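Source file: model-v9.pdb (PDB, C-alpha atoms, pLDDT in the B column)
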```pdb
ATOM      1  CA  MET A   1     -19.157  27.339  16.071  1.00 37.00           C
ATOM      2  CA  ALA A   2     -16.113  25.818  17.762  1.00 41.00           C
ATOM      3  CA  THR A   3     -12.734  27.280  16.906  1.00 44.00           C
ATOM      4  CA  ILE A   4     -10.317  24.852  15.249  1.00 46.00           C
ATOM      5  CA  LEU A   5      -6.865  25.385  16.689  1.00 63.00           C
ATOM      6  CA  LYS A   6      -4.003  25.658  14.220  1.00 82.00           C
ATOM      7  CA  LYS A   7      -1.646  22.692  14.414  1.00 94.00           C
ATOM      8  CA  LYS A   8       2.082  23.005  14.916  1.00 97.00           C
ATOM      9  CA  ALA A   9       4.323  20.436  13.250  1.00 98.00           C
ATOM     10  CA  LEU A  10       8.056  19.675  13.128  1.00 98.00           C
ATOM     11  CA  VAL A  11       9.778  18.133  10.106  1.00 98.00           C
ATOM     12  CA  VAL A  12      13.340  16.842  10.561  1.00 98.00           C
ATOM     13  CA  VAL A  13      15.117  15.442   7.508  1.00 97.00           C
ATOM     14  CA  ALA A  14      18.637  14.424   6.587  1.00 97.00           C
ATOM     15  CA  HIS A  15      19.208  16.615   3.513  1.00 95.00           C
ATOM     16  CA  CYS A  16      18.026  19.921   2.117  1.00 94.00           C
ATOM     17  CA  ASP A  17      15.742  18.389  -0.529  1.00 91.00           C
ATOM     18  CA  ASP A  18      14.171  15.619   1.574  1.00 92.00           C
ATOM     19  CA  ALA A  19      11.302  17.577   3.104  1.00 95.00           C
ATOM     20  CA  ILE A  20       9.892  18.631  -0.263  1.00 92.00           C
ATOM     21  CA  LEU A  21      10.437  15.232  -1.885  1.00 89.00           C
ATOM     22  CA  TRP A  22       8.668  13.158   0.730  1.00 92.00           C
ATOM     23  CA  MET A  23       6.030  15.569   2.077  1.00 94.00           C
ATOM     24  CA  GLY A  24       6.174  18.893   0.228  1.00 94.00           C
ATOM     25  CA  GLY A  25       2.602  18.398  -0.940  1.00 94.00           C
ATOM     26  CA  ILE A  26       1.085  17.970   2.515  1.00 96.00           C
ATOM     27  CA  ILE A  27       3.044  20.933   3.906  1.00 97.00           C
ATOM     28  CA  HIS A  28       1.733  23.108   1.078  1.00 96.00           C
ATOM     29  CA  HIS A  29      -1.817  21.792   1.503  1.00 96.00           C
ATOM     30  CA  LEU A  30      -1.736  22.481   5.254  1.00 96.00           C
ATOM     31  CA  ARG A  31      -0.099  25.896   4.944  1.00 93.00           C
ATOM     32  CA  ASP A  32      -2.390  27.231   7.688  1.00 94.00           C
ATOM     33  CA  TRP A  33      -0.436  25.026  10.118  1.00 96.00           C
ATOM     34  CA  GLU A  34       2.752  26.294  11.765  1.00 97.00           C
ATOM     35  CA  TRP A  35       5.625  24.321  10.238  1.00 98.00           C
ATOM     36  CA  HIS A  36       9.208  24.070  11.524  1.00 98.00           C
ATOM     37  CA  ILE A  37      11.687  22.313   9.205  1.00 98.00           C
ATOM     38  CA  PHE A  38      15.253  21.245  10.038  1.00 98.00           C
ATOM     39  CA  SER A  39      17.730  19.611   7.669  1.00 98.00           C
ATOM     40  CA  MET A  40      20.577  17.854   9.456  1.00 98.00           C
ATOM     41  CA  CYS A  41      23.400  16.764   7.095  1.00 97.00           C
ATOM     42  CA  ASN A  42      24.519  19.463   4.666  1.00 94.00           C
ATOM     43  CA  ASN A  43      28.333  19.712   4.974  1.00 91.00           C
ATOM     44  CA  HIS A  44      28.252  23.535   5.060  1.00 90.00           C
ATOM     45  CA  ASN A  45      27.198  23.428   1.378  1.00 91.00           C
ATOM     46  CA  GLU A  46      25.983  26.990   0.863  1.00 93.00           C
ATOM     47  CA  GLN A  47      24.387  26.314  -2.528  1.00 92.00           C
ATOM     48  CA  LYS A  48      22.239  23.520  -1.112  1.00 92.00           C
ATOM     49  CA  ILE A  49      21.389  25.565   1.954  1.00 94.00           C
ATOM     50  CA  GLN A  50      20.277  28.503  -0.193  1.00 95.00           C
ATOM     51  CA  SER A  51      18.034  26.143  -2.173  1.00 94.00           C
ATOM     52  CA  PHE A  52      16.639  24.763   1.085  1.00 96.00           C
ATOM     53  CA  ASN A  53      15.903  28.267   2.360  1.00 97.00           C
ATOM     54  CA  LYS A  54      14.157  29.186  -0.893  1.00 96.00           C
ATOM     55  CA  SER A  55      11.939  26.092  -0.807  1.00 96.00           C
ATOM     56  CA  CYS A  56      11.014  26.722   2.842  1.00 97.00           C
ATOM     57  CA  GLU A  57      10.098  30.318   2.039  1.00 97.00           C
ATOM     58  CA  MET A  58       7.876  29.107  -0.820  1.00 97.00           C
ATOM     59  CA  LEU A  59       6.172  26.778   1.657  1.00 97.00           C
ATOM     60  CA  LEU A  60       5.591  29.720   4.038  1.00 96.00           C
ATOM     61  CA  THR A  61       7.481  27.829   6.741  1.00 96.00           C
ATOM     62  CA  THR A  62       7.515  29.605  10.113  1.00 95.00           C
ATOM     63  CA  LYS A  63      10.935  28.371  11.217  1.00 97.00           C
ATOM     64  CA  PHE A  64      13.637  26.538   9.277  1.00 98.00           C
ATOM     65  CA  GLN A  65      17.359  25.853   9.442  1.00 97.00           C
ATOM     66  CA  ALA A  66      19.926  23.671   7.694  1.00 97.00           C
ATOM     67  CA  LEU A  67      22.485  22.199  10.090  1.00 97.00           C
ATOM     68  CA  SER A  68      25.956  21.104   8.998  1.00 95.00           C
ATOM     69  CA  PHE A  69      26.532  17.504  10.007  1.00 97.00           C
ATOM     70  CA  LEU A  70      28.387  15.316   7.500  1.00 97.00           C
ATOM     71  CA  ASP A  71      26.652  14.002   4.384  1.00 95.00           C
ATOM     72  CA  TYR A  72      27.819  10.516   3.375  1.00 95.00           C
ATOM     73  CA  SER A  73      26.048   7.703   1.559  1.00 88.00           C
ATOM     74  CA  ASP A  74      28.282   4.769   2.522  1.00 87.00           C
ATOM     75  CA  GLY A  75      29.200   3.279   5.874  1.00 88.00           C
ATOM     76  CA  LEU A  76      27.452   2.465   9.099  1.00 92.00           C
ATOM     77  CA  ASP A  77      24.959   4.743  10.818  1.00 94.00           C
ATOM     78  CA  PHE A  78      26.745   7.303  13.028  1.00 97.00           C
ATOM     79  CA  SER A  79      30.128   6.256  11.624  1.00 96.00           C
ATOM     80  CA  GLN A  80      30.975   9.898  10.826  1.00 96.00           C
ATOM     81  CA  ASN A  81      28.300  11.854  12.678  1.00 97.00           C
ATOM     82  CA  LYS A  82      28.086  11.398  16.444  1.00 97.00           C
ATOM     83  CA  LYS A  83      24.601  10.512  17.600  1.00 98.00           C
ATOM     84  CA  GLU A  84      24.825  12.484  20.840  1.00 98.00           C
ATOM     85  CA  ASN A  85      25.982  15.621  18.987  1.00 98.00           C
ATOM     86  CA  MET A  86      23.202  15.423  16.398  1.00 98.00           C
ATOM     87  CA  LYS A  87      20.536  14.852  19.023  1.00 98.00           C
ATOM     88  CA  SER A  88      21.839  17.516  21.387  1.00 98.00           C
ATOM     89  CA  GLU A  89      22.085  20.241  18.738  1.00 98.00           C
ATOM     90  CA  LEU A  90      18.633  19.476  17.372  1.00 98.00           C
ATOM     91  CA  CYS A  91      17.071  19.465  20.855  1.00 98.00           C
ATOM     92  CA  GLN A  92      18.511  22.922  21.500  1.00 97.00           C
ATOM     93  CA  LYS A  93      16.799  24.329  18.401  1.00 97.00           C
ATOM     94  CA  ILE A  94      13.318  22.807  18.482  1.00 97.00           C
ATOM     95  CA  ASP A  95      10.313  23.602  20.635  1.00 95.00           C
ATOM     96  CA  ASP A  96       8.529  21.266  23.045  1.00 91.00           C
ATOM     97  CA  ASN A  97       4.941  21.874  22.012  1.00 94.00           C
ATOM     98  CA  TYR A  98       4.463  20.195  18.643  1.00 97.00           C
ATOM     99  CA  ASP A  99       1.296  18.380  17.687  1.00 96.00           C
ATOM    100  CA  TYR A 100       3.199  16.087  15.297  1.00 97.00           C
ATOM    101  CA  ILE A 101       6.752  15.252  14.241  1.00 98.00           C
ATOM    102  CA  PHE A 102       7.614  13.980  10.742  1.00 98.00           C
ATOM    103  CA  THR A 103      10.881  12.286   9.760  1.00 98.00           C
ATOM    104  CA  HIS A 104      12.520   9.430   7.838  1.00 96.00           C
ATOM    105  CA  GLY A 105      11.574   5.808   8.300  1.00 92.00           C
ATOM    106  CA  THR A 106      14.136   3.477   9.858  1.00 89.00           C
ATOM    107  CA  GLN A 107      13.290   0.263   8.017  1.00 81.00           C
ATOM    108  CA  GLU A 108      15.888  -1.412   5.781  1.00 73.00           C
ATOM    109  CA  TRP A 109      14.638   0.547   2.741  1.00 71.00           C
ATOM    110  CA  ASN A 110      13.839   4.163   3.504  1.00 69.00           C
ATOM    111  CA  GLU A 111      12.654   6.235   0.548  1.00 80.00           C
ATOM    112  CA  TYR A 112      14.776   5.643  -2.570  1.00 76.00           C
ATOM    113  CA  SER A 113      17.559   3.638  -0.899  1.00 76.00           C
ATOM    114  CA  ARG A 114      19.129   2.819   2.437  1.00 83.00           C
ATOM    115  CA  HIS A 115      21.049   5.967   3.376  1.00 90.00           C
ATOM    116  CA  PRO A 116      22.957   6.260   6.677  1.00 94.00           C
ATOM    117  CA  ASN A 117      22.029   9.942   7.080  1.00 96.00           C
ATOM    118  CA  HIS A 118      18.330   9.087   6.704  1.00 95.00           C
ATOM    119  CA  GLN A 119      18.720   6.330   9.273  1.00 95.00           C
ATOM    120  CA  GLU A 120      20.602   8.602  11.672  1.00 97.00           C
ATOM    121  CA  THR A 121      17.967  11.298  11.437  1.00 98.00           C
ATOM    122  CA  GLY A 122      15.092   8.847  11.800  1.00 97.00           C
ATOM    123  CA  ILE A 123      16.670   7.276  14.881  1.00 97.00           C
ATOM    124  CA  ILE A 124      17.338  10.490  16.803  1.00 98.00           C
ATOM    125  CA  VAL A 125      13.980  12.027  15.931  1.00 98.00           C
ATOM    126  CA  SER A 126      12.146   8.842  16.961  1.00 97.00           C
ATOM    127  CA  GLU A 127      13.918   9.024  20.324  1.00 98.00           C
ATOM    128  CA  ILE A 128      13.010  12.694  20.768  1.00 98.00           C
ATOM    129  CA  ALA A 129       9.365  12.012  19.886  1.00 98.00           C
ATOM    130  CA  THR A 130       9.222   9.210  22.457  1.00 97.00           C
ATOM    131  CA  GLU A 131      10.930  11.246  25.168  1.00 97.00           C
ATOM    132  CA  ARG A 132       8.685  14.272  24.630  1.00 97.00           C
ATOM    133  CA  LYS A 133       5.550  12.179  24.008  1.00 96.00           C
ATOM    134  CA  ILE A 134       4.872  13.808  20.621  1.00 97.00           C
ATOM    135  CA  PRO A 135       3.030  11.802  17.914  1.00 97.00           C
ATOM    136  CA  LEU A 136       5.446  10.646  15.194  1.00 98.00           C
ATOM    137  CA  LEU A 137       4.898  10.032  11.477  1.00 97.00           C
ATOM    138  CA  GLN A 138       7.646   8.526   9.300  1.00 96.00           C
ATOM    139  CA  PHE A 139       7.984   8.565   5.521  1.00 94.00           C
ATOM    140  CA  CYS A 140       6.963   5.234   4.012  1.00 90.00           C
ATOM    141  CA  TYR A 141       8.355   4.535   0.530  1.00 85.00           C
ATOM    142  CA  TYR A 142      10.470   1.912  -1.218  1.00 77.00           C
ATOM    143  CA  PRO A 143      12.362   1.771  -4.553  1.00 73.00           C
ATOM    144  CA  ILE A 144      10.331  -0.364  -6.940  1.00 70.00           C
ATOM    145  CA  TYR A 145      12.937  -0.169  -9.722  1.00 64.00           C
ATOM    146  CA  GLY A 146      15.982  -0.629  -7.521  1.00 61.00           C
ATOM    147  CA  SER A 147      18.082   1.588  -5.295  1.00 59.00           C
ATOM    148  CA  GLY A 148      18.273   5.228  -6.362  1.00 57.00           C
ATOM    149  CA  THR A 149      15.359   5.100  -8.814  1.00 58.00           C
ATOM    150  CA  ALA A 150      11.729   6.253  -8.874  1.00 56.00           C
ATOM    151  CA  THR A 151       9.697   5.146  -5.886  1.00 59.00           C
ATOM    152  CA  VAL A 152       6.146   4.424  -4.814  1.00 62.00           C
ATOM    153  CA  ALA A 153       4.479   4.168  -1.438  1.00 64.00           C
ATOM    154  CA  TYR A 154       5.106   0.922   0.390  1.00 67.00           C
ATOM    155  CA  LYS A 155       1.381   0.301   0.671  1.00 66.00           C
ATOM    156  CA  GLU A 156       1.719  -2.833   2.793  1.00 74.00           C
ATOM    157  CA  ARG A 157       3.217  -0.824   5.641  1.00 78.00           C
ATOM    158  CA  ALA A 158       1.916   2.719   5.163  1.00 89.00           C
ATOM    159  CA  HIS A 159      -0.824   3.732   7.570  1.00 93.00           C
ATOM    160  CA  TYR A 160      -1.717   7.112   6.059  1.00 94.00           C
ATOM    161  CA  TYR A 161      -1.431   8.749   2.680  1.00 92.00           C
ATOM    162  CA  PHE A 162      -2.155  12.100   1.073  1.00 93.00           C
ATOM    163  CA  GLN A 163      -3.122  12.290  -2.601  1.00 91.00           C
ATOM    164  CA  LEU A 164      -1.944  15.472  -4.325  1.00 91.00           C
ATOM    165  CA  ASN A 165      -4.235  17.042  -6.874  1.00 92.00           C
ATOM    166  CA  TYR A 166      -2.941  18.512 -10.137  1.00 90.00           C
ATOM    167  CA  GLU A 167      -2.246  22.006  -8.773  1.00 92.00           C
ATOM    168  CA  GLU A 168      -0.549  20.626  -5.678  1.00 92.00           C
ATOM    169  CA  LEU A 169       1.663  18.391  -7.795  1.00 88.00           C
ATOM    170  CA  LYS A 170       2.605  21.349 -10.014  1.00 88.00           C
ATOM    171  CA  PHE A 171       3.564  23.316  -6.925  1.00 92.00           C
ATOM    172  CA  LYS A 172       5.624  20.401  -5.628  1.00 90.00           C
ATOM    173  CA  LEU A 173       7.517  20.271  -8.908  1.00 86.00           C
ATOM    174  CA  SER A 174       8.209  24.000  -8.583  1.00 88.00           C
ATOM    175  CA  LEU A 175       9.754  23.259  -5.178  1.00 90.00           C
ATOM    176  CA  ILE A 176      11.915  20.543  -6.713  1.00 85.00           C
ATOM    177  CA  ASN A 177      13.132  23.118  -9.226  1.00 85.00           C
ATOM    178  CA  CYS A 178      14.751  24.981  -6.317  1.00 88.00           C
ATOM    179  CA  PHE A 179      17.447  22.274  -6.425  1.00 85.00           C
ATOM    180  CA  PRO A 180      18.709  22.180 -10.035  1.00 76.00           C
ATOM    181  CA  GLN A 181      22.270  21.373  -8.952  1.00 68.00           C
ATOM    182  CA  GLU A 182      21.050  18.470  -6.823  1.00 64.00           C
ATOM    183  CA  MET A 183      18.285  17.002  -8.971  1.00 59.00           C
ATOM    184  CA  PRO A 184      18.609  18.012 -12.645  1.00 55.00           C
ATOM    185  CA  ASN A 185      16.381  15.160 -13.871  1.00 54.00           C
ATOM    186  CA  LEU A 186      14.175  14.663 -10.856  1.00 52.00           C
ATOM    187  CA  ILE A 187      10.898  15.351 -12.611  1.00 51.00           C
ATOM    188  CA  SER A 188      10.829  11.582 -13.226  1.00 49.00           C
ATOM    189  CA  LEU A 189      10.818  11.031  -9.463  1.00 50.00           C
ATOM    190  CA  ALA A 190       7.466  12.797  -9.218  1.00 49.00           C
ATOM    191  CA  TYR A 191       5.799   9.945 -11.113  1.00 50.00           C
ATOM    192  CA  PRO A 192       4.439   7.755  -9.662  1.00 45.00           C
ATOM    193  CA  CYS A 193       5.895   8.917  -6.362  1.00 57.00           C
ATOM    194  CA  PRO A 194       5.979  10.986  -4.209  1.00 69.00           C
ATOM    195  CA  ASN A 195       2.282  11.201  -5.095  1.00 82.00           C
ATOM    196  CA  PRO A 196       0.638   9.985  -3.001  1.00 87.00           C
ATOM    197  CA  GLU A 197       2.760  10.974  -0.032  1.00 91.00           C
ATOM    198  CA  CYS A 198       2.733   8.181   2.544  1.00 91.00           C
ATOM    199  CA  PHE A 199       3.494   7.745   6.221  1.00 94.00           C
ATOM    200  CA  GLU A 200       3.625   5.034   8.848  1.00 93.00           C
ATOM    201  CA  SER A 201       2.618   5.856  12.401  1.00 95.00           C
ATOM    202  CA  THR A 202       1.132   4.485  15.607  1.00 91.00           C
ATOM    203  CA  ILE A 203      -1.371   7.381  15.559  1.00 94.00           C
ATOM    204  CA  THR A 204      -4.900   5.999  15.187  1.00 91.00           C
ATOM    205  CA  ASP A 205      -6.964   9.168  14.941  1.00 88.00           C
ATOM    206  CA  LEU A 206      -5.187  11.378  12.368  1.00 91.00           C
ATOM    207  CA  ILE A 207      -7.793  13.508  10.660  1.00 88.00           C
ATOM    208  CA  PRO A 208      -8.202  14.525   6.964  1.00 90.00           C
ATOM    209  CA  PRO A 209      -6.571  15.428   4.643  1.00 93.00           C
ATOM    210  CA  PHE A 210      -4.578  12.389   5.781  1.00 94.00           C
ATOM    211  CA  ILE A 211      -6.361   9.266   4.557  1.00 92.00           C
ATOM    212  CA  LYS A 212      -6.119   6.100   6.593  1.00 91.00           C
ATOM    213  CA  ARG A 213      -5.225   2.991   4.612  1.00 81.00           C
TER
END
```

As a first step, turn the structure in this file into structure tokens.
Amino acid sequence: MATILKKKALVVVAHCDDAILWMGGIIHHLRDWEWHIFSMCNNHNEQKIQSFNKSCEMLLTTKFQALSFLDYSDGLDFSQNKKENMKSELCQKIDDNYDYIFTHGTQEWNEYSRHPNHQETGIIVSEIATERKIPLLQFCYYPIYGSGTATVAYKERAHYYFQLNYEELKFKLSLINCFPQEMPNLISLAYPCPNPECFESTITDLIPPFIKR
């Protein structure tokens, strides 16, 4: 019987809670993979960083770190964080041999609203993926009830999705509970999204448990 090689994946997000919100279920489901998770914009907020570390430990993440670029929700992309600094620092910390990279989408609506930090992160990670020729998947959601509210997958654009079962959803909610100061009422965000968890990508041969639309 042929040996199936363990995959190695990189997740780069803007904020400490983003990885679990938009793909915590798939990371937990594929816990036999080697996962590296980086959060970019955390303002040296030790409480958030501790919550991030706890959630990554629960996910059995191999390597994780919260960086300290500025967190701001208004203004133009890279108006307070310098693109070259973000990209350079991230490149120094990540490996070259990933099978996949996951990050934010860069469409007008990305996840629950248009957030400059999400855009910044999506832009630099997309560039790194292109330069290093690593397959890229980007979160694919939009706010059906308006900016900042519960979301569902943007089915018209999503290429792949992963449907969490009951136990996986319970575990995802336990990850969300690592961030009580950030998301005191976020249990509502788990319904109807982020389940399924959805991604857009130019990859054409992604294998299960990812389901092609």

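Take the candidates A:Glu120, A:Glu111, A:Asp71, A:Glu57 and check each one against A:Lys83 using all atoms listed in the file; the shortest distance goes to A:Glu120.
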
(message) Given the PyMOL selection byres ((chain A and resi 130-135) around 7) and the file above, list the residues it selects as a list of chain:residue names.
(response) A:Tyr98, A:Asp99, A:Tyr100, A:Ile101, A:Ser126, A:Glu127, A:Ile128, A:Ala129, A:Leu136, A:Leu137, A:Ile203

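In this model, the gap between atom CA of A:His15 and atom CA of A:Asn195 comes to 19.7 Å.
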
(request) Could you give me, as a PyMOL selection string, the residues within 12 Å of A:Lys82, counting all atoms listed in the file and dropping anything in the same chain fewer than 4 positions from it? (result) chain A and resi 41+69-70+76-78+86-89+117+120-121+124

(message) Suppose a student applies the PyMOL selection byres ((chain A and resi 31) around 12) to this structure; what residues should they get, written as a ChimeraX atom specification?
(response) /A:6-9,24-30,32-36,56-62,168

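Residues within 10 Å of A:Pro208, counting all atoms listed in the file and excluding same-chain residues fewer than 4 positions away, are Tyr160, Tyr161, Phe162 and Lys212 of chain A.
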
(request) Name all residues at most 12 Å from A:Ile20 (count only C-alpha atoms; drop same-chain ones fewer than 6 positions away) and give them as an MDAnalysis selection string. (result) chainID A and resid 11:14 26:28 37:39 51:59 61 103 139 168:169 171:179 189:190 194:195 197

Serialized selection, C-alpha atoms, as a PDB file, keeping the file's coordinate frame:
```pdb
ATOM      1  CA  VAL A  11       9.778  18.133  10.106  1.00 98.00           C
ATOM      2  CA  VAL A  12      13.340  16.842  10.561  1.00 98.00           C
ATOM      3  CA  VAL A  13      15.117  15.442   7.508  1.00 97.00           C
ATOM      4  CA  ALA A  14      18.637  14.424   6.587  1.00 97.00           C
ATOM      5  CA  ILE A  26       1.085  17.970   2.515  1.00 96.00           C
ATOM      6  CA  ILE A  27       3.044  20.933   3.906  1.00 97.00           C
ATOM      7  CA  HIS A  28       1.733  23.108   1.078  1.00 96.00           C
ATOM      8  CA  ILE A  37      11.687  22.313   9.205  1.00 98.00           C
ATOM      9  CA  PHE A  38      15.253  21.245  10.038  1.00 98.00           C
ATOM     10  CA  SER A  39      17.730  19.611   7.669  1.00 98.00           C
ATOM     11  CA  SER A  51      18.034  26.143  -2.173  1.00 94.00           C
ATOM     12  CA  PHE A  52      16.639  24.763   1.085  1.00 96.00           C
ATOM     13  CA  ASN A  53      15.903  28.267   2.360  1.00 97.00           C
ATOM     14  CA  LYS A  54      14.157  29.186  -0.893  1.00 96.00           C
ATOM     15  CA  SER A  55      11.939  26.092  -0.807  1.00 96.00           C
ATOM     16  CA  CYS A  56      11.014  26.722   2.842  1.00 97.00           C
ATOM     17  CA  GLU A  57      10.098  30.318   2.039  1.00 97.00           C
ATOM     18  CA  MET A  58       7.876  29.107  -0.820  1.00 97.00           C
ATOM     19  CA  LEU A  59       6.172  26.778   1.657  1.00 97.00           C
ATOM     20  CA  THR A  61       7.481  27.829   6.741  1.00 96.00           C
ATOM     21  CA  THR A 103      10.881  12.286   9.760  1.00 98.00           C
ATOM     22  CA  PHE A 139       7.984   8.565   5.521  1.00 94.00           C
ATOM     23  CA  GLU A 168      -0.549  20.626  -5.678  1.00 92.00           C
ATOM     24  CA  LEU A 169       1.663  18.391  -7.795  1.00 88.00           C
ATOM     25  CA  PHE A 171       3.564  23.316  -6.925  1.00 92.00           C
ATOM     26  CA  LYS A 172       5.624  20.401  -5.628  1.00 90.00           C
ATOM     27  CA  LEU A 173       7.517  20.271  -8.908  1.00 86.00           C
ATOM     28  CA  SER A 174       8.209  24.000  -8.583  1.00 88.00           C
ATOM     29  CA  LEU A 175       9.754  23.259  -5.178  1.00 90.00           C
ATOM     30  CA  ILE A 176      11.915  20.543  -6.713  1.00 85.00           C
ATOM     31  CA  ASN A 177      13.132  23.118  -9.226  1.00 85.00           C
ATOM     32  CA  CYS A 178      14.751  24.981  -6.317  1.00 88.00           C
ATOM     33  CA  PHE A 179      17.447  22.274  -6.425  1.00 85.00           C
ATOM     34  CA  LEU A 189      10.818  11.031  -9.463  1.00 50.00           C
ATOM     35  CA  ALA A 190       7.466  12.797  -9.218  1.00 49.00           C
ATOM     36  CA  PRO A 194       5.979  10.986  -4.209  1.00 69.00           C
ATOM     37  CA  ASN A 195       2.282  11.201  -5.095  1.00 82.00           C
ATOM     38  CA  GLU A 197       2.760  10.974  -0.032  1.00 91.00           C
TER      39      GLU A 197
END
```

Around (25.6, 26.1, -0.2), as given in the file, which residues come within 12 Å? Count only C-alpha atoms and list them as a PDB file with C-alpha atoms, in the coordinates of the input.
```pdb
ATOM      1  CA  CYS A  16      18.026  19.921   2.117  1.00 94.00           C
ATOM      2  CA  ASN A  42      24.519  19.463   4.666  1.00 94.00           C
ATOM      3  CA  ASN A  43      28.333  19.712   4.974  1.00 91.00           C
ATOM      4  CA  HIS A  44      28.252  23.535   5.060  1.00 90.00           C
ATOM      5  CA  ASN A  45      27.198  23.428   1.378  1.00 91.00           C
ATOM      6  CA  GLU A  46      25.983  26.990   0.863  1.00 93.00           C
ATOM      7  CA  GLN A  47      24.387  26.314  -2.528  1.00 92.00           C
ATOM      8  CA  LYS A  48      22.239  23.520  -1.112  1.00 92.00           C
ATOM      9  CA  ILE A  49      21.389  25.565   1.954  1.00 94.00           C
ATOM     10  CA  GLN A  50      20.277  28.503  -0.193  1.00 95.00           C
ATOM     11  CA  SER A  51      18.034  26.143  -2.173  1.00 94.00           C
ATOM     12  CA  PHE A  52      16.639  24.763   1.085  1.00 96.00           C
ATOM     13  CA  ASN A  53      15.903  28.267   2.360  1.00 97.00           C
ATOM     14  CA  LYS A  54      14.157  29.186  -0.893  1.00 96.00           C
ATOM     15  CA  ALA A  66      19.926  23.671   7.694  1.00 97.00           C
ATOM     16  CA  LEU A  67      22.485  22.199  10.090  1.00 97.00           C
ATOM     17  CA  SER A  68      25.956  21.104   8.998  1.00 95.00           C
ATOM     18  CA  PHE A 179      17.447  22.274  -6.425  1.00 85.00           C
ATOM     19  CA  GLN A 181      22.270  21.373  -8.952  1.00 68.00           C
ATOM     20  CA  GLU A 182      21.050  18.470  -6.823  1.00 64.00           C
TER      21      GLU A 182
END
```

(message) Could you check the closest approach to A:Leu164 for each of A:Ile123, A:Met23, A:Ile207, A:Cys91 and tell me which residue wins, using all atoms listed in the file?
(response) A:Met23

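Across the structure, atom CA of A:Asp96 and atom CA of A:Leu10 are spaced 10.1 Å apart.
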
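Closest approach to A:Glu108 among A:Phe199, A:Asn165, A:Tyr142, A:His159 is made by A:Tyr142 (distances from only C-alpha atoms).
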